[in-house]
$ cat structure_36.pdb   # PDB, C-alpha atoms, pLDDT in the B column
ATOM      1  CA  MET W1229      28.854  37.334  19.652  1.00 72.00           C
ATOM      2  CA  LEU W1230      29.339  40.696  17.922  1.00 88.00           C
ATOM      3  CA  TYR W1231      32.862  39.859  16.859  1.00 91.00           C
ATOM      4  CA  GLU W1232      31.661  36.503  15.523  1.00 92.00           C
ATOM      5  CA  GLU W1233      29.088  38.235  13.305  1.00 91.00           C
ATOM      6  CA  PHE W1234      31.625  40.734  12.050  1.00 89.00           C
ATOM      7  CA  ASN W1235      34.261  38.062  11.493  1.00 91.00           C
ATOM      8  CA  GLU W1236      31.780  35.954   9.521  1.00 93.00           C
ATOM      9  CA  PHE W1237      31.144  38.878   7.137  1.00 89.00           C
ATOM     10  CA  TRP W1238      34.881  39.612   6.908  1.00 89.00           C
ATOM     11  CA  ASP W1239      35.651  35.958   6.063  1.00 93.00           C
ATOM     12  CA  VAL W1240      33.107  35.960   3.222  1.00 92.00           C
ATOM     13  CA  ALA W1241      34.575  39.215   1.863  1.00 92.00           C
ATOM     14  CA  ARG W1242      38.122  37.803   2.009  1.00 92.00           C
ATOM     15  CA  LYS W1243      37.105  34.538   0.316  1.00 94.00           C
ATOM     16  CA  ARG W1244      35.502  36.502  -2.519  1.00 93.00           C
ATOM     17  CA  ASN W1245      38.541  38.813  -2.786  1.00 93.00           C
ATOM     18  CA  ILE W1246      36.525  41.933  -1.993  1.00 95.00           C
ATOM     19  CA  ILE W1247      38.913  44.844  -1.579  1.00 92.00           C
ATOM     20  CA  PHE W1248      36.251  47.486  -0.894  1.00 94.00           C
ATOM     21  CA  PHE W1249      32.567  47.410   0.060  1.00 96.00           C
ATOM     22  CA  TYR W1250      30.093  50.137   1.011  1.00 97.00           C
ATOM     23  CA  ALA W1251      26.342  49.998   1.501  1.00 97.00           C
ATOM     24  CA  GLY W1252      24.394  53.010   2.610  1.00 97.00           C
ATOM     25  CA  TYR W1253      23.576  56.510   1.505  1.00 97.00           C
ATOM     26  CA  PHE W1254      25.765  58.177  -1.106  1.00 97.00           C
ATOM     27  CA  SER W1255      26.472  61.928  -1.125  1.00 94.00           C
ATOM     28  CA  GLN W1256      29.273  63.993  -2.658  1.00 92.00           C
ATOM     29  CA  HIS W1257      31.166  63.825   0.663  1.00 94.00           C
ATOM     30  CA  VAL W1258      30.770  60.048   0.915  1.00 96.00           C
ATOM     31  CA  VAL W1259      31.876  59.571  -2.701  1.00 96.00           C
ATOM     32  CA  ALA W1260      34.972  61.745  -2.121  1.00 95.00           C
ATOM     33  CA  ALA W1261      35.912  59.680   0.948  1.00 96.00           C
ATOM     34  CA  ILE W1262      35.324  56.407  -0.903  1.00 96.00           C
ATOM     35  CA  ALA W1263      37.434  57.664  -3.822  1.00 95.00           C
ATOM     36  CA  GLU W1264      40.409  58.266  -1.524  1.00 95.00           C
ATOM     37  CA  THR W1265      40.022  54.819   0.001  1.00 95.00           C
ATOM     38  CA  ILE W1266      39.727  53.155  -3.420  1.00 94.00           C
ATOM     39  CA  LYS W1267      42.896  54.875  -4.621  1.00 93.00           C
ATOM     40  CA  ALA W1268      44.796  53.586  -1.598  1.00 93.00           C
ATOM     41  CA  ARG W1269      43.358  50.050  -1.890  1.00 91.00           C
ATOM     42  CA  LEU W1270      44.203  49.858  -5.601  1.00 91.00           C
ATOM     43  CA  ASP W1271      47.755  50.957  -4.848  1.00 90.00           C
ATOM     44  CA  THR W1272      48.143  48.192  -2.257  1.00 89.00           C
ATOM     45  CA  ALA W1273      46.503  45.685  -4.625  1.00 86.00           C
ATOM     46  CA  GLY W1274      49.140  46.522  -7.234  1.00 86.00           C
ATOM     47  CA  ALA W1275      46.778  47.764  -9.945  1.00 90.00           C
ATOM     48  CA  ALA W1276      48.579  49.319 -12.923  1.00 92.00           C
ATOM     49  CA  GLY W1277      47.981  53.001 -13.756  1.00 92.00           C
ATOM     50  CA  PRO W1278      45.601  52.468 -16.720  1.00 95.00           C
ATOM     51  CA  THR W1279      43.641  49.857 -14.753  1.00 95.00           C
ATOM     52  CA  ARG W1280      43.330  52.208 -11.762  1.00 94.00           C
ATOM     53  CA  ARG W1281      42.043  54.952 -14.067  1.00 95.00           C
ATOM     54  CA  ARG W1282      39.400  52.681 -15.616  1.00 96.00           C
ATOM     55  CA  ILE W1283      38.293  51.377 -12.204  1.00 96.00           C
ATOM     56  CA  PHE W1284      38.090  54.873 -10.784  1.00 94.00           C
ATOM     57  CA  SER W1285      36.186  56.125 -13.841  1.00 95.00           C
ATOM     58  CA  SER W1286      33.630  53.319 -13.535  1.00 97.00           C
ATOM     59  CA  PHE W1287      33.320  53.897  -9.780  1.00 97.00           C
ATOM     60  CA  VAL W1288      32.501  57.568 -10.431  1.00 95.00           C
ATOM     61  CA  GLU W1289      29.832  56.605 -12.987  1.00 96.00           C
ATOM     62  CA  MET W1290      28.283  54.002 -10.674  1.00 97.00           C
ATOM     63  CA  SER W1291      28.197  56.382  -7.715  1.00 96.00           C
ATOM     64  CA  GLN W1292      26.701  59.129  -9.899  1.00 93.00           C
ATOM     65  CA  ASN W1293      23.988  56.705 -11.008  1.00 94.00           C
ATOM     66  CA  ILE W1294      23.172  55.996  -7.368  1.00 96.00           C
ATOM     67  CA  MET W1295      23.148  59.678  -6.424  1.00 92.00           C
ATOM     68  CA  HIS W1296      21.004  60.671  -9.399  1.00 89.00           C
ATOM     69  CA  TYR W1297      18.642  57.739  -9.849  1.00 91.00           C
ATOM     70  CA  SER W1298      18.273  55.712  -6.646  1.00 95.00           C
ATOM     71  CA  SER W1299      14.644  55.824  -5.610  1.00 95.00           C
ATOM     72  CA  ASP W1300      15.526  55.669  -1.893  1.00 95.00           C
ATOM     73  CA  THR W1301      16.501  59.185  -0.904  1.00 93.00           C
ATOM     74  CA  LEU W1302      16.976  60.997   2.393  1.00 91.00           C
ATOM     75  CA  THR W1303      16.694  64.391   0.733  1.00 81.00           C
ATOM     76  CA  PRO W1304      13.913  66.084  -1.270  1.00 77.00           C
ATOM     77  CA  HIS W1305      14.158  65.546  -5.029  1.00 67.00           C
ATOM     78  CA  HIS W1306      14.418  69.313  -5.632  1.00 70.00           C
ATOM     79  CA  ALA W1307      17.618  69.537  -3.497  1.00 68.00           C
ATOM     80  CA  GLN W1308      19.904  68.659  -6.411  1.00 66.00           C
ATOM     81  CA  GLU W1309      23.133  69.908  -4.812  1.00 71.00           C
ATOM     82  CA  SER W1310      23.014  67.776  -1.668  1.00 78.00           C
ATOM     83  CA  GLN W1311      21.342  64.534  -2.672  1.00 83.00           C
ATOM     84  CA  MET W1312      21.724  61.517  -0.376  1.00 94.00           C
ATOM     85  CA  ARG W1313      20.506  58.307  -1.977  1.00 95.00           C
ATOM     86  CA  ARG W1314      20.882  54.653  -1.047  1.00 97.00           C
ATOM     87  CA  GLY W1315      22.940  52.082  -2.888  1.00 98.00           C
ATOM     88  CA  SER W1316      25.817  49.670  -2.507  1.00 98.00           C
ATOM     89  CA  PHE W1317      29.135  49.288  -4.245  1.00 97.00           C
ATOM     90  CA  CYS W1318      32.039  46.868  -4.106  1.00 97.00           C
ATOM     91  CA  ILE W1319      35.319  46.170  -5.844  1.00 96.00           C
ATOM     92  CA  GLY W1320      36.849  42.743  -5.901  1.00 95.00           C
ATOM     93  CA  MET W1321      39.495  40.748  -7.687  1.00 94.00           C
ATOM     94  CA  ARG W1322      39.042  37.578  -9.697  1.00 92.00           C
ATOM     95  CA  GLU W1323      42.138  36.058 -11.248  1.00 90.00           C
ATOM     96  CA  ASP W1324      43.843  38.883 -13.186  1.00 89.00           C
ATOM     97  CA  SER W1325      40.799  41.169 -13.295  1.00 94.00           C
ATOM     98  CA  PHE W1326      38.938  43.526 -11.030  1.00 96.00           C
ATOM     99  CA  PHE W1327      35.160  43.624 -10.843  1.00 97.00           C
ATOM    100  CA  LEU W1328      32.929  46.467  -9.763  1.00 98.00           C
ATOM    101  CA  LEU W1329      29.434  45.674  -8.595  1.00 98.00           C
ATOM    102  CA  CYS W1330      26.792  48.260  -7.838  1.00 98.00           C
ATOM    103  CA  ALA W1331      23.139  48.012  -6.769  1.00 98.00           C
ATOM    104  CA  ASN W1332      20.426  50.511  -5.971  1.00 98.00           C
ATOM    105  CA  PRO W1333      16.652  50.720  -5.934  1.00 98.00           C
ATOM    106  CA  VAL W1334      14.937  52.369  -8.905  1.00 97.00           C
ATOM    107  CA  SER W1335      11.309  52.967  -9.729  1.00 96.00           C
ATOM    108  CA  THR W1336       9.847  49.958 -11.522  1.00 97.00           C
ATOM    109  CA  GLU W1337       8.554  52.245 -14.270  1.00 96.00           C
ATOM    110  CA  SER W1338      12.147  53.250 -15.176  1.00 95.00           C
ATOM    111  CA  VAL W1339      13.369  49.668 -15.743  1.00 97.00           C
ATOM    112  CA  ASP W1340      12.516  49.574 -19.474  1.00 97.00           C
ATOM    113  CA  ALA W1341      14.373  52.842 -20.137  1.00 94.00           C
ATOM    114  CA  ILE W1342      17.481  51.628 -18.282  1.00 95.00           C
ATOM    115  CA  ARG W1343      17.370  48.263 -20.059  1.00 96.00           C
ATOM    116  CA  ALA W1344      17.031  50.043 -23.435  1.00 94.00           C
ATOM    117  CA  ARG W1345      20.294  51.900 -22.767  1.00 93.00           C
ATOM    118  CA  LEU W1346      22.201  48.805 -21.636  1.00 96.00           C
ATOM    119  CA  GLU W1347      21.106  46.010 -23.980  1.00 96.00           C
ATOM    120  CA  PRO W1348      22.571  47.515 -27.176  1.00 95.00           C
ATOM    121  CA  LEU W1349      26.003  47.662 -25.509  1.00 95.00           C
ATOM    122  CA  HIS W1350      26.138  43.846 -25.425  1.00 90.00           C
ATOM    123  CA  SER W1351      26.288  43.524 -29.192  1.00 92.00           C
ATOM    124  CA  MET W1352      28.595  46.493 -29.834  1.00 95.00           C
ATOM    125  CA  THR W1353      32.307  46.174 -30.539  1.00 95.00           C
ATOM    126  CA  MET W1354      34.760  48.330 -28.619  1.00 94.00           C
ATOM    127  CA  GLU W1355      35.110  50.590 -31.665  1.00 96.00           C
ATOM    128  CA  GLU W1356      31.327  51.003 -31.832  1.00 96.00           C
ATOM    129  CA  ILE W1357      31.215  51.839 -28.113  1.00 96.00           C
ATOM    130  CA  LYS W1358      33.967  54.444 -28.545  1.00 93.00           C
ATOM    131  CA  SER W1359      32.163  55.911 -31.542  1.00 95.00           C
ATOM    132  CA  ALA W1360      28.850  56.049 -29.637  1.00 93.00           C
ATOM    133  CA  TYR W1361      30.678  57.731 -26.748  1.00 91.00           C
ATOM    134  CA  LYS W1362      32.083  60.438 -29.041  1.00 91.00           C
ATOM    135  CA  LYS W1363      28.662  60.935 -30.613  1.00 91.00           C
ATOM    136  CA  ALA W1364      27.045  61.263 -27.179  1.00 87.00           C
ATOM    137  CA  LEU W1365      29.585  63.968 -26.282  1.00 86.00           C
ATOM    138  CA  ARG W1366      28.396  66.011 -29.277  1.00 86.00           C
ATOM    139  CA  ASP W1367      24.655  65.325 -28.858  1.00 83.00           C
ATOM    140  CA  GLU W1368      22.156  67.077 -26.623  1.00 76.00           C
ATOM    141  CA  THR W1369      21.724  65.660 -23.130  1.00 70.00           C
ATOM    142  CA  PRO W1370      18.857  63.121 -23.148  1.00 66.00           C
ATOM    143  CA  ALA W1371      15.691  64.410 -21.466  1.00 65.00           C
ATOM    144  CA  ASP W1372      15.709  61.599 -18.875  1.00 64.00           C
ATOM    145  CA  SER W1373      19.400  62.080 -18.009  1.00 62.00           C
ATOM    146  CA  LYS W1374      20.835  64.155 -15.179  1.00 65.00           C
ATOM    147  CA  GLY W1375      24.251  64.092 -16.837  1.00 60.00           C
ATOM    148  CA  ALA W1376      25.339  63.894 -20.432  1.00 56.00           C
ATOM    149  CA  GLY W1377      24.015  60.343 -20.897  1.00 66.00           C
ATOM    150  CA  LEU W1378      27.560  58.978 -20.966  1.00 89.00           C
ATOM    151  CA  GLY W1379      27.574  56.796 -17.839  1.00 93.00           C
ATOM    152  CA  PHE W1380      26.892  53.357 -19.300  1.00 96.00           C
ATOM    153  CA  LEU W1381      29.017  54.124 -22.377  1.00 95.00           C
ATOM    154  CA  THR W1382      31.906  55.130 -20.115  1.00 95.00           C
ATOM    155  CA  MET W1383      31.618  51.914 -18.112  1.00 97.00           C
ATOM    156  CA  ALA W1384      31.339  49.805 -21.277  1.00 97.00           C
ATOM    157  CA  ARG W1385      34.377  51.587 -22.763  1.00 96.00           C
ATOM    158  CA  ASP W1386      36.426  50.946 -19.607  1.00 96.00           C
ATOM    159  CA  ALA W1387      35.344  47.312 -19.157  1.00 96.00           C
ATOM    160  CA  SER W1388      37.181  44.309 -20.553  1.00 95.00           C
ATOM    161  CA  ALA W1389      33.943  42.334 -20.990  1.00 95.00           C
ATOM    162  CA  PRO W1390      30.323  43.286 -21.664  1.00 96.00           C
ATOM    163  CA  LEU W1391      28.560  44.909 -18.718  1.00 97.00           C
ATOM    164  CA  GLU W1392      26.341  42.509 -16.788  1.00 97.00           C
ATOM    165  CA  PHE W1393      23.089  43.733 -15.273  1.00 97.00           C
ATOM    166  CA  GLU W1394      19.820  42.578 -13.794  1.00 98.00           C
ATOM    167  CA  PHE W1395      16.643  43.925 -12.273  1.00 98.00           C
ATOM    168  CA  VAL W1396      15.047  42.315  -9.222  1.00 98.00           C
ATOM    169  CA  LYS W1397      11.582  43.376  -8.104  1.00 96.00           C
ATOM    170  CA  GLU W1398      11.254  44.276  -4.452  1.00 94.00           C
ATOM    171  CA  THR W1399       8.787  41.872  -2.860  1.00 92.00           C
ATOM    172  CA  HIS W1400       7.594  44.394  -0.291  1.00 92.00           C
ATOM    173  CA  ASP W1401       7.191  47.304  -2.761  1.00 95.00           C
ATOM    174  CA  PRO W1402       5.964  46.617  -6.328  1.00 92.00           C
ATOM    175  CA  ASP W1403       6.874  50.181  -7.369  1.00 96.00           C
ATOM    176  CA  THR W1404      10.548  49.519  -6.611  1.00 97.00           C
ATOM    177  CA  THR W1405      13.076  47.341  -8.436  1.00 98.00           C
ATOM    178  CA  VAL W1406      16.701  46.801  -7.491  1.00 98.00           C
ATOM    179  CA  PHE W1407      19.053  47.547 -10.378  1.00 98.00           C
ATOM    180  CA  CYS W1408      22.406  45.723 -10.286  1.00 98.00           C
ATOM    181  CA  ILE W1409      25.293  46.299 -12.682  1.00 98.00           C
ATOM    182  CA  LYS W1410      28.728  44.703 -12.896  1.00 98.00           C
ATOM    183  CA  ALA W1411      31.810  45.782 -14.820  1.00 97.00           C
ATOM    184  CA  ILE W1412      34.918  43.633 -15.217  1.00 97.00           C
ATOM    185  CA  ILE W1413      38.129  45.581 -15.684  1.00 96.00           C
TER     186      ILE W1413
END
$ encode --input "structure_36.pdb" --output "structure tokens"
Amino acid sequence: MLYEEFNEFWDVARKRNIIFFYAGYFSQHVVAAIAETIKARLDTAGAAGPTRRRIFSSFVEMSQNIMHYSSDTLTPHHAQESQMRRGSFCIGMREDSFFLLCANPVSTESVDAIRARLEPLHSMTMEEIKSAYKKALRDETPADSKGAGLGFLTMARDASAPLEFEFVKETHDPDTTVFCIKAII
């Protein structure tokens, strides 16, 4: 019975061309281990150097978003150096492209701020995204950011199509919403 359950999951992953999947708590150690695995999987998948760089860059941004902003944490919020926060991440292939999909819980009150950062990226050209990225490098770090505010711009710059995203309210906790984002590279 156990093997049947595992094999069922494995079959679904194979049919959807998933080359890597992780769901659980993210920490610096977990991200480092995942990074090594992703590098090896991309090598075996035959990804070209520039594609591997863009995938890896987007993976780092997605994992940082989980570690900084997931509302489900095993560690106190003041323990900035050793955060462990819940999320999920996968990489798959579709035709000649790779896709990265990430999900994590966020506080429902932060949804509007996240949406306000993502929606403008849909109407921007690649040149406008690159220009906004350079401007963000020069600007002060936004007050609500735990980095330089470059994460979504980096993913949009690396993607070959506009970032897709959605917010799904948790039915059992109205203060929590699941944030999902997808990048095609």
$ resolve_selection --input "structure_36.pdb" --expression "the PyMOL selection byres ((chain W and resi 1259-1264) around 9)" --output "VMD selection string"
chain W and resid 1248 1250 1254 to 1258 1265 to 1269 1284 1287 to 1288 1291 to 1292
$ write_last_selection --input "structure_36.pdb" --atoms "C-alpha atoms" --output "mmCIF file, keeping the file's coordinate frame"
data_model
loop_
_atom_site.group_PDB
_atom_site.id
_atom_site.type_symbol
_atom_site.label_atom_id
_atom_site.label_comp_id
_atom_site.auth_asym_id
_atom_site.auth_seq_id
_atom_site.Cartn_x
_atom_site.Cartn_y
_atom_site.Cartn_z
ATOM 1 C CA PHE W 1248 36.251 47.486 -0.894
ATOM 2 C CA TYR W 1250 30.093 50.137 1.011
ATOM 3 C CA PHE W 1254 25.765 58.177 -1.106
ATOM 4 C CA SER W 1255 26.472 61.928 -1.125
ATOM 5 C CA GLN W 1256 29.273 63.993 -2.658
ATOM 6 C CA HIS W 1257 31.166 63.825 0.663
ATOM 7 C CA VAL W 1258 30.770 60.048 0.915
ATOM 8 C CA THR W 1265 40.022 54.819 0.001
ATOM 9 C CA ILE W 1266 39.727 53.155 -3.420
ATOM 10 C CA LYS W 1267 42.896 54.875 -4.621
ATOM 11 C CA ALA W 1268 44.796 53.586 -1.598
ATOM 12 C CA ARG W 1269 43.358 50.050 -1.890
ATOM 13 C CA PHE W 1284 38.090 54.873 -10.784
ATOM 14 C CA PHE W 1287 33.320 53.897 -9.780
ATOM 15 C CA VAL W 1288 32.501 57.568 -10.431
ATOM 16 C CA SER W 1291 28.197 56.382 -7.715
ATOM 17 C CA GLN W 1292 26.701 59.129 -9.899
#
$ atom_distance --input "structure_36.pdb" --atom1 "atom CA of W:Phe1327" --atom2 "atom CA of W:Thr1405"
22.5 Å
$ atom_distance --input "structure_36.pdb" --atom1 "atom CA of W:Ala1276" --atom2 "atom CA of W:Ala1384"
19.2 Å
$ closest_residue --input "structure_36.pdb" --among "W:Ser1310, W:Ser1359, W:Thr1399, W:Ser1335" --to "W:Met1295" --atoms "all atoms listed in the file"
W:Ser1310
$ atom_distance --input "structure_36.pdb" --atom1 "atom CA of W:Asn1293" --atom2 "atom CA of W:Met1383"
11.5 Å
$ closest_residue --input "structure_36.pdb" --among "W:Glu1323, W:Cys1330, W:Glu1356, W:Lys1362" --to "W:Met1290" --atoms "all atoms listed in the file"
W:Cys1330
$ closest_residue --input "structure_36.pdb" --among "W:Ile1246, W:Leu1302, W:Ala1387, W:Ile1413" --to "W:Lys1358" --atoms "all atoms listed in the file"
W:Ala1387
$ resolve_selection --input "structure_36.pdb" --expression "the PyMOL selection byres ((chain W and resi 1314-1320) around 6)" --output "PyMOL selection string"
chain W and resi 1245-1253+1294+1300+1313+1321+1326-1332
$ write_last_selection --input "structure_36.pdb" --atoms "C-alpha atoms" --output "mmCIF file, in the coordinates of the input"
data_model
loop_
_atom_site.group_PDB
_atom_site.id
_atom_site.type_symbol
_atom_site.label_atom_id
_atom_site.label_comp_id
_atom_site.auth_asym_id
_atom_site.auth_seq_id
_atom_site.Cartn_x
_atom_site.Cartn_y
_atom_site.Cartn_z
ATOM 1 C CA ASN W 1245 38.541 38.813 -2.786
ATOM 2 C CA ILE W 1246 36.525 41.933 -1.993
ATOM 3 C CA ILE W 1247 38.913 44.844 -1.579
ATOM 4 C CA PHE W 1248 36.251 47.486 -0.894
ATOM 5 C CA PHE W 1249 32.567 47.410 0.060
ATOM 6 C CA TYR W 1250 30.093 50.137 1.011
ATOM 7 C CA ALA W 1251 26.342 49.998 1.501
ATOM 8 C CA GLY W 1252 24.394 53.010 2.610
ATOM 9 C CA TYR W 1253 23.576 56.510 1.505
ATOM 10 C CA ILE W 1294 23.172 55.996 -7.368
ATOM 11 C CA ASP W 1300 15.526 55.669 -1.893
ATOM 12 C CA ARG W 1313 20.506 58.307 -1.977
ATOM 13 C CA MET W 1321 39.495 40.748 -7.687
ATOM 14 C CA PHE W 1326 38.938 43.526 -11.030
ATOM 15 C CA PHE W 1327 35.160 43.624 -10.843
ATOM 16 C CA LEU W 1328 32.929 46.467 -9.763
ATOM 17 C CA LEU W 1329 29.434 45.674 -8.595
ATOM 18 C CA CYS W 1330 26.792 48.260 -7.838
ATOM 19 C CA ALA W 1331 23.139 48.012 -6.769
ATOM 20 C CA ASN W 1332 20.426 50.511 -5.971
#
$ resolve_selection --input "structure_36.pdb" --expression "the PyMOL selection byres ((chain W and resi 1338) around 10)" --output "list in words"
Tyr1297, Val1334, Ser1335, Thr1336, Glu1337, Val1339, Asp1340, Ala1341, Ile1342, Arg1343, Asp1372, Asp1403, Thr1404 and Thr1405 of chain W
$ closest_residue --input "structure_36.pdb" --among "W:Leu1346, W:Ser1325, W:Ala1389, W:Val1396" --to "W:Cys1408" --atoms "all atoms listed in the file"
W:Val1396
$ closest_residue --input "structure_36.pdb" --among "W:Met1352, W:Met1312, W:Ser1299, W:Arg1280" --to "W:Phe1407" --atoms "all atoms listed in the file"
W:Ser1299
$ closest_residue --input "structure_36.pdb" --among "W:Pro1402, W:Pro1304, W:Pro1390, W:Gly1274" --to "W:Ser1351" --atoms "only C-alpha atoms"
W:Pro1390
